[in-house]
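Dumped my_file.cif below, it's mmCIF, C-alpha atoms:
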data_query
#
loop_
_atom_site.label_atom_id
_atom_site.label_comp_id
_atom_site.auth_asym_id
_atom_site.auth_seq_id
_atom_site.Cartn_x
_atom_site.Cartn_y
_atom_site.Cartn_z
CA MET A 280 202.59 161.34 114.00
CA THR A 281 200.88 164.57 114.89
CA GLU A 282 200.49 167.49 112.52
CA LEU A 283 202.74 169.51 114.81
CA SER A 284 205.59 166.99 114.75
CA ARG A 285 205.27 166.63 110.98
CA GLU A 286 205.46 170.39 110.57
CA TYR A 287 208.50 170.71 112.83
CA GLY A 288 210.34 167.72 111.35
CA GLU A 289 209.71 168.84 107.77
CA GLY A 290 210.70 172.40 108.65
CA LEU A 291 214.02 171.28 110.08
CA TYR A 292 214.60 169.09 107.04
CA LEU A 293 213.98 171.96 104.60
CA LEU A 294 216.37 174.20 106.51
CA CYS A 295 219.08 171.54 106.66
CA LYS A 296 218.59 170.65 102.99
CA GLU A 297 218.95 174.29 101.98
CA GLU A 298 222.18 174.53 103.96
CA GLU A 299 223.42 171.16 102.60
CA LEU A 300 223.39 169.64 106.08
CA ALA A 301 220.59 167.13 105.59
CA THR A 302 222.75 164.01 105.94
CA ASP A 303 224.72 165.26 108.94
CA ALA A 304 221.53 166.35 110.72
CA PHE A 305 219.86 163.03 109.85
CA GLU A 306 222.72 161.09 111.44
CA GLN A 307 222.73 163.33 114.52
CA LEU A 308 218.96 163.13 114.98
CA THR A 309 219.05 159.34 114.64
CA THR A 310 221.83 159.10 117.23
CA LEU A 311 220.01 161.47 119.59
CA ARG A 312 216.79 159.47 119.34
CA GLU A 313 218.69 156.34 120.31
CA LEU A 314 220.47 158.12 123.18
CA PHE A 315 217.23 159.62 124.50
CA SER A 316 215.60 156.20 124.26
CA GLN A 317 218.44 154.63 126.26
CA ASN A 318 218.39 157.48 128.80
CA PRO A 319 214.73 158.35 129.42
CA ASP A 320 215.68 160.27 132.57
CA PHE A 321 217.36 162.92 130.43
CA SER A 322 214.21 163.41 128.35
CA ARG A 323 212.12 163.61 131.52
CA LEU A 324 214.53 166.18 132.95
CA VAL A 325 214.34 168.56 129.97
CA SER A 326 210.55 168.06 129.88
CA ASN A 327 210.13 168.75 133.60
CA HIS A 328 208.01 171.87 133.92
CA SER A 329 209.01 172.34 137.56
CA LEU A 330 212.29 173.65 136.11
CA SER A 331 212.25 177.00 134.33
CA LYS A 332 212.57 177.13 130.55
CA GLN A 333 216.00 178.68 130.95
CA GLU A 334 217.15 175.80 133.18
CA ARG A 335 215.83 173.15 130.79
CA VAL A 336 217.34 174.86 127.75
CA GLY A 337 220.59 175.30 129.67
CA ILE A 338 220.72 171.57 130.36
CA LEU A 339 220.35 170.84 126.64
CA ASP A 340 222.93 173.46 125.76
CA ASN A 341 225.50 172.18 128.27
CA ALA A 342 224.99 168.54 127.29
CA LEU A 343 224.96 168.93 123.51
CA ARG A 344 226.59 172.24 122.51
CA SER A 345 229.79 170.75 121.12
CA GLN A 346 228.19 167.44 120.11
CA VAL A 347 225.63 168.41 117.45
CA HIS A 348 225.18 171.02 114.75
CA LEU A 349 223.74 174.33 115.91
CA TYR A 350 220.55 173.78 113.89
CA VAL A 351 219.90 170.48 115.63
CA LEU A 352 220.64 171.98 119.05
CA ASN A 353 218.39 174.97 118.39
CA PHE A 354 215.66 172.62 117.20
CA LEU A 355 215.85 170.73 120.50
CA LYS A 356 215.78 174.00 122.41
CA ILE A 357 212.64 175.10 120.55
CA LEU A 358 210.91 171.83 121.42
CA CYS A 359 211.96 172.28 125.03
CA GLU A 360 210.88 175.93 125.23
CA ARG A 361 207.48 175.15 123.75
CA GLY A 362 206.94 172.25 126.13
CA ILE A 363 206.75 169.65 123.36
CA PHE A 364 210.04 167.83 123.82
CA GLY A 365 208.04 164.59 123.94
CA GLU A 366 207.32 165.04 120.23
CA PHE A 367 211.01 164.69 119.36
CA GLY A 368 210.73 161.09 118.12
CA SER A 369 207.80 161.92 115.85
CA CYS A 370 209.67 164.96 114.51
CA VAL A 371 212.59 162.68 113.65
CA ASP A 372 210.14 160.36 111.87
CA ALA A 373 208.92 163.29 109.76
CA TYR A 374 212.50 164.40 109.04
CA THR A 375 213.41 160.82 108.08
CA ALA A 376 210.45 160.55 105.70
CA CYS A 377 211.59 163.71 103.87
CA TYR A 378 215.20 162.57 103.85
CA ASN A 379 214.31 159.12 102.52
CA ARG A 380 212.06 160.55 99.82
CA ASP A 381 214.75 162.93 98.55
CA HIS A 382 217.52 160.32 98.74
CA ARG A 383 215.45 157.52 97.19
CA VAL A 384 215.63 155.36 100.29
CA VAL A 385 212.91 152.96 101.33
CA GLU A 386 212.67 151.26 104.69
CA ALA A 387 211.73 147.59 104.80
CA VAL A 388 211.18 145.20 107.68
CA ALA A 389 211.77 141.50 107.07
CA THR A 390 210.43 139.08 109.65
CA THR A 391 211.77 135.52 109.57
CA SER A 392 211.81 132.55 111.93
CA ALA A 393 215.61 132.69 112.25
CA PRO A 394 218.18 135.39 111.50
CA LEU A 395 219.07 135.75 107.83
CA SER A 396 222.54 134.66 106.81
CA PRO A 397 224.70 137.38 105.22
CA GLU A 398 224.10 135.75 101.82
CA GLN A 399 220.31 135.65 102.31
CA ARG A 400 220.31 139.25 103.50
CA GLN A 401 222.32 140.37 100.45
CA LYS A 402 220.10 138.45 98.05
CA LEU A 403 216.95 139.93 99.62
CA LEU A 404 218.41 143.45 99.46
CA GLU A 405 219.31 143.02 95.78
CA LYS A 406 215.81 141.79 94.98
CA LEU A 407 214.17 144.66 96.89
CA CYS A 408 216.44 147.27 95.29
CA GLY A 409 215.53 145.84 91.89
CA MET A 410 211.81 145.91 92.72
CA THR A 411 211.79 149.48 94.00
CA GLY A 412 214.62 151.10 92.09
CA LYS A 413 215.63 152.63 95.44
CA GLN A 414 218.20 152.03 98.13
CA VAL A 415 216.67 149.75 100.78
CA GLN A 416 217.30 150.09 104.49
CA LEU A 417 216.48 146.62 105.80
CA THR A 418 215.52 145.95 109.40
CA GLU A 419 215.38 142.32 110.40
CA LYS A 420 213.06 140.85 113.00
CA VAL A 421 213.01 137.29 114.23
CA ASP A 422 209.68 135.72 115.14
CA PRO A 423 209.58 131.97 115.74
CA ALA A 424 205.87 132.01 114.83
CA VAL A 425 206.89 132.70 111.23
CA ILE A 426 207.37 129.24 109.84
CA GLY A 427 209.53 129.34 106.74
CA GLY A 428 209.74 132.21 104.31
CA VAL A 429 209.71 135.96 104.85
CA LEU A 430 207.08 138.43 105.96
CA LEU A 431 208.04 141.78 104.45
CA GLU A 432 206.65 145.23 105.17
CA MET A 433 207.71 148.01 102.82
CA GLU A 434 206.21 151.30 101.66
CA GLY A 435 203.00 150.66 103.57
CA LYS A 436 202.48 147.25 101.98
CA ARG A 437 202.79 143.77 103.39
CA TYR A 438 204.26 140.92 101.36
CA ASP A 439 203.61 137.57 102.97
CA ASN A 440 205.76 134.79 101.55
CA THR A 441 205.64 132.60 104.64
CA LEU A 442 204.87 128.91 104.59
CA LYS A 443 201.78 129.54 106.73
CA HIS A 444 200.40 132.02 104.19
CA ARG A 445 201.15 129.78 101.23
CA LEU A 446 199.44 126.82 102.93
CA SER A 447 196.44 129.02 103.69
CA GLN A 448 196.21 130.03 100.03
CA MET A 449 196.49 126.39 98.99
CA ARG A 450 193.72 125.46 101.45
CA GLN A 451 191.46 128.15 99.93
CA VAL A 452 192.07 126.91 96.42
CA LEU A 453 191.41 123.29 97.38
CA THR A 454 188.23 124.04 99.34
CA SER A 455 186.83 126.39 96.70
CA GLU A 456 187.05 123.73 93.97
CA VAL A 457 185.16 121.13 95.96
#
What would the structure in this file look like if it were written as structure tokens?
Amino acid sequence: MTELSREYGEGLYLLCKEEELATDAFEQLTTLRELFSQNPDFSRLVSNHSLSKQERVGILDNALRSQVHLYVLNFLKILCERGIFGEFGSCVDAYTACYNRDHRVVEAVATTSAPLSPEQRQKLLEKLCGMTGKQVQLTEKVDPAVIGGVLLEMEGKRYDNTLKHRLSQMRQVLTSEV
């Protein structure tokens, strides 16, 4: 994340928080990021400098005017006008970090060899909520290379409770005693 995107994302968050729109804007920004990701041609169009700023801003305005809050739309227009629309995703990351901090939400990624059952997912969420004292947003990844157990990434830390890791630790203990 660049300093610029952090500054813009945090600025939008502070404005939305002050106006009690933080959750609505968060949901809209998350949806827009997904839509822009699924439709990269749209992002390329509003970033195309062969079009005038007015044309690019007009495209955003026509496409999103009745779909998103005015603050979110104006934010997109500012990015477009300044020629930094490509920073949108990083700005959303900065907004999300502020939102999560203020709403005591932590993001976690659990990697397993097979999808978690609903019961396993619930049990893991309860354990993580108890560990952190925060609401946990869990993203699941499946990697067949993970043999048994869970590889968890949360708050910049990695918790490796996979069979491979445990066997490696056991191997170290056994070879160090010899």
Please write the residues picked by the PyMOL selection byres ((chain A and resi 418) around 6) on this file as a tab-separated table (two decimals) with C-alpha atoms, in the frame of the given file.
chain	number	residue	atom	x	y	z
A	388	VAL	CA	211.18	145.20	107.68
A	417	LEU	CA	216.48	146.62	105.80
A	419	GLU	CA	215.38	142.32	110.40
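The result of the PyMOL selection byres ((chain A and resi 407) around 12) on the shown file is Val384, Val385, Glu386, Ala387, Val388, Ala389, Arg400, Gln401, Lys402, Leu403, Leu404, Glu405, Lys406, Cys408, Gly409, Met410, Thr411, Gly412, Lys413, Gln414, Val415, Gln416, Leu417, Leu431, Glu432, Met433, Glu434 and Tyr438 of chain A.
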Save out the residues we just selected, C-alpha atoms, as a PDB file, keeping the file's coordinate frame.
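Once everything was written out, this is result_8.pdb:
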ATOM      1  CA  VAL A 384     215.630 155.360 100.290  1.00  0.00           C
ATOM      2  CA  VAL A 385     212.910 152.960 101.330  1.00  0.00           C
ATOM      3  CA  GLU A 386     212.670 151.260 104.690  1.00  0.00           C
ATOM      4  CA  ALA A 387     211.730 147.590 104.800  1.00  0.00           C
ATOM      5  CA  VAL A 388     211.180 145.200 107.680  1.00  0.00           C
ATOM      6  CA  ALA A 389     211.770 141.500 107.070  1.00  0.00           C
ATOM      7  CA  ARG A 400     220.310 139.250 103.500  1.00  0.00           C
ATOM      8  CA  GLN A 401     222.320 140.370 100.450  1.00  0.00           C
ATOM      9  CA  LYS A 402     220.100 138.450  98.050  1.00  0.00           C
ATOM     10  CA  LEU A 403     216.950 139.930  99.620  1.00  0.00           C
ATOM     11  CA  LEU A 404     218.410 143.450  99.460  1.00  0.00           C
ATOM     12  CA  GLU A 405     219.310 143.020  95.780  1.00  0.00           C
ATOM     13  CA  LYS A 406     215.810 141.790  94.980  1.00  0.00           C
ATOM     14  CA  CYS A 408     216.440 147.270  95.290  1.00  0.00           C
ATOM     15  CA  GLY A 409     215.530 145.840  91.890  1.00  0.00           C
ATOM     16  CA  MET A 410     211.810 145.910  92.720  1.00  0.00           C
ATOM     17  CA  THR A 411     211.790 149.480  94.000  1.00  0.00           C
ATOM     18  CA  GLY A 412     214.620 151.100  92.090  1.00  0.00           C
ATOM     19  CA  LYS A 413     215.630 152.630  95.440  1.00  0.00           C
ATOM     20  CA  GLN A 414     218.200 152.030  98.130  1.00  0.00           C
ATOM     21  CA  VAL A 415     216.670 149.750 100.780  1.00  0.00           C
ATOM     22  CA  GLN A 416     217.300 150.090 104.490  1.00  0.00           C
ATOM     23  CA  LEU A 417     216.480 146.620 105.800  1.00  0.00           C
ATOM     24  CA  LEU A 431     208.040 141.780 104.450  1.00  0.00           C
ATOM     25  CA  GLU A 432     206.650 145.230 105.170  1.00  0.00           C
ATOM     26  CA  MET A 433     207.710 148.010 102.820  1.00  0.00           C
ATOM     27  CA  GLU A 434     206.210 151.300 101.660  1.00  0.00           C
ATOM     28  CA  TYR A 438     204.260 140.920 101.360  1.00  0.00           C
TER      29      TYR A 438
END
Could you list, as a VMD selection string, every residue within 12 Å of A:Leu300, counting all atoms listed in the file and ignoring same-chain residues fewer than 3 positions away?
chain A and resid 291 to 297 303 to 308 347 to 351 378
Test item: residues at most 8 Å from A:Ile426, all atoms listed in the file, excluding those fewer than 2 positions along its chain, as a list in words:
Thr391, Ser392, Pro423, Ala424, Gly428, Thr441, Leu442 and Lys443 of chain A
When you look at A:Cys359 with a cut-off of 12 Å (counting only C-alpha atoms), what residues show up, excluding the ones that are within fewer than 5 positions of it in the same chain? I need them as a tab-separated table (two decimals) with C-alpha atoms, in the frame of the given file.
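As a result, selection-v7.tsv now contains:
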chain	number	residue	atom	x	y	z
A	322	SER	CA	214.21	163.41	128.35
A	323	ARG	CA	212.12	163.61	131.52
A	324	LEU	CA	214.53	166.18	132.95
A	325	VAL	CA	214.34	168.56	129.97
A	326	SER	CA	210.55	168.06	129.88
A	327	ASN	CA	210.13	168.75	133.60
A	328	HIS	CA	208.01	171.87	133.92
A	330	LEU	CA	212.29	173.65	136.11
A	331	SER	CA	212.25	177.00	134.33
A	332	LYS	CA	212.57	177.13	130.55
A	333	GLN	CA	216.00	178.68	130.95
A	334	GLU	CA	217.15	175.80	133.18
A	335	ARG	CA	215.83	173.15	130.79
A	336	VAL	CA	217.34	174.86	127.75
A	337	GLY	CA	220.59	175.30	129.67
A	338	ILE	CA	220.72	171.57	130.36
A	339	LEU	CA	220.35	170.84	126.64
A	340	ASP	CA	222.93	173.46	125.76
A	352	LEU	CA	220.64	171.98	119.05
A	353	ASN	CA	218.39	174.97	118.39
A	354	PHE	CA	215.66	172.62	117.20
A	364	PHE	CA	210.04	167.83	123.82
A	365	GLY	CA	208.04	164.59	123.94
A	366	GLU	CA	207.32	165.04	120.23
A	367	PHE	CA	211.01	164.69	119.36
Nearest to A:Asp439 by atom-to-atom distance, counting all atoms listed in the file, from A:Leu395, A:Asn341, A:Thr390, A:Cys370
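Ranked by minimum distance to A:Asp439, first place goes to A:Thr390.
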Neighbours of A:Met280 within 10 Å (only C-alpha atoms; same-chain residues fewer than 2 positions away dropped), as an mmCIF file with C-alpha atoms, in the coordinates of the input?
data_model
loop_
_atom_site.group_PDB
_atom_site.id
_atom_site.type_symbol
_atom_site.label_atom_id
_atom_site.label_comp_id
_atom_site.auth_asym_id
_atom_site.auth_seq_id
_atom_site.Cartn_x
_atom_site.Cartn_y
_atom_site.Cartn_z
ATOM 1 C CA GLU A 282 200.490 167.490 112.520
ATOM 2 C CA LEU A 283 202.740 169.510 114.810
ATOM 3 C CA SER A 284 205.590 166.990 114.750
ATOM 4 C CA ARG A 285 205.270 166.630 110.980
ATOM 5 C CA GLU A 366 207.320 165.040 120.230
ATOM 6 C CA GLY A 368 210.730 161.090 118.120
ATOM 7 C CA SER A 369 207.800 161.920 115.850
ATOM 8 C CA CYS A 370 209.670 164.960 114.510
ATOM 9 C CA ASP A 372 210.140 160.360 111.870
ATOM 10 C CA ALA A 373 208.920 163.290 109.760
#
Can you measure atom CA of A:Asn440 to atom CA of A:Ala393 for me? One decimal in Å is fine.
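One can read the atom CA of A:Asn440 to atom CA of A:Ala393 distance as 14.7 Å.
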Between atom CA of A:Arg344 and atom CA of A:Thr309, distance in Å (one decimal):
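We find that atom CA of A:Arg344 and atom CA of A:Thr309 lie 16.9 Å from each other.
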Can you tell me how far atom CA of A:Ser329 sits from atom CA of A:Arg361, in Å to one decimal?
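Answer for the atom CA of A:Ser329 to atom CA of A:Arg361 separation: 14.2 Å.
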Box along x, y and z, 4 Å on every side, all listed atoms of stretch 336-341 of chain A inside: centre and edge lengths in Å to one decimal, as AutoDock Vina command-line options.
--center_x 221.4 --center_y 173.1 --center_z 128.1 --size_x 16.2 --size_y 12.5 --size_z 12.6
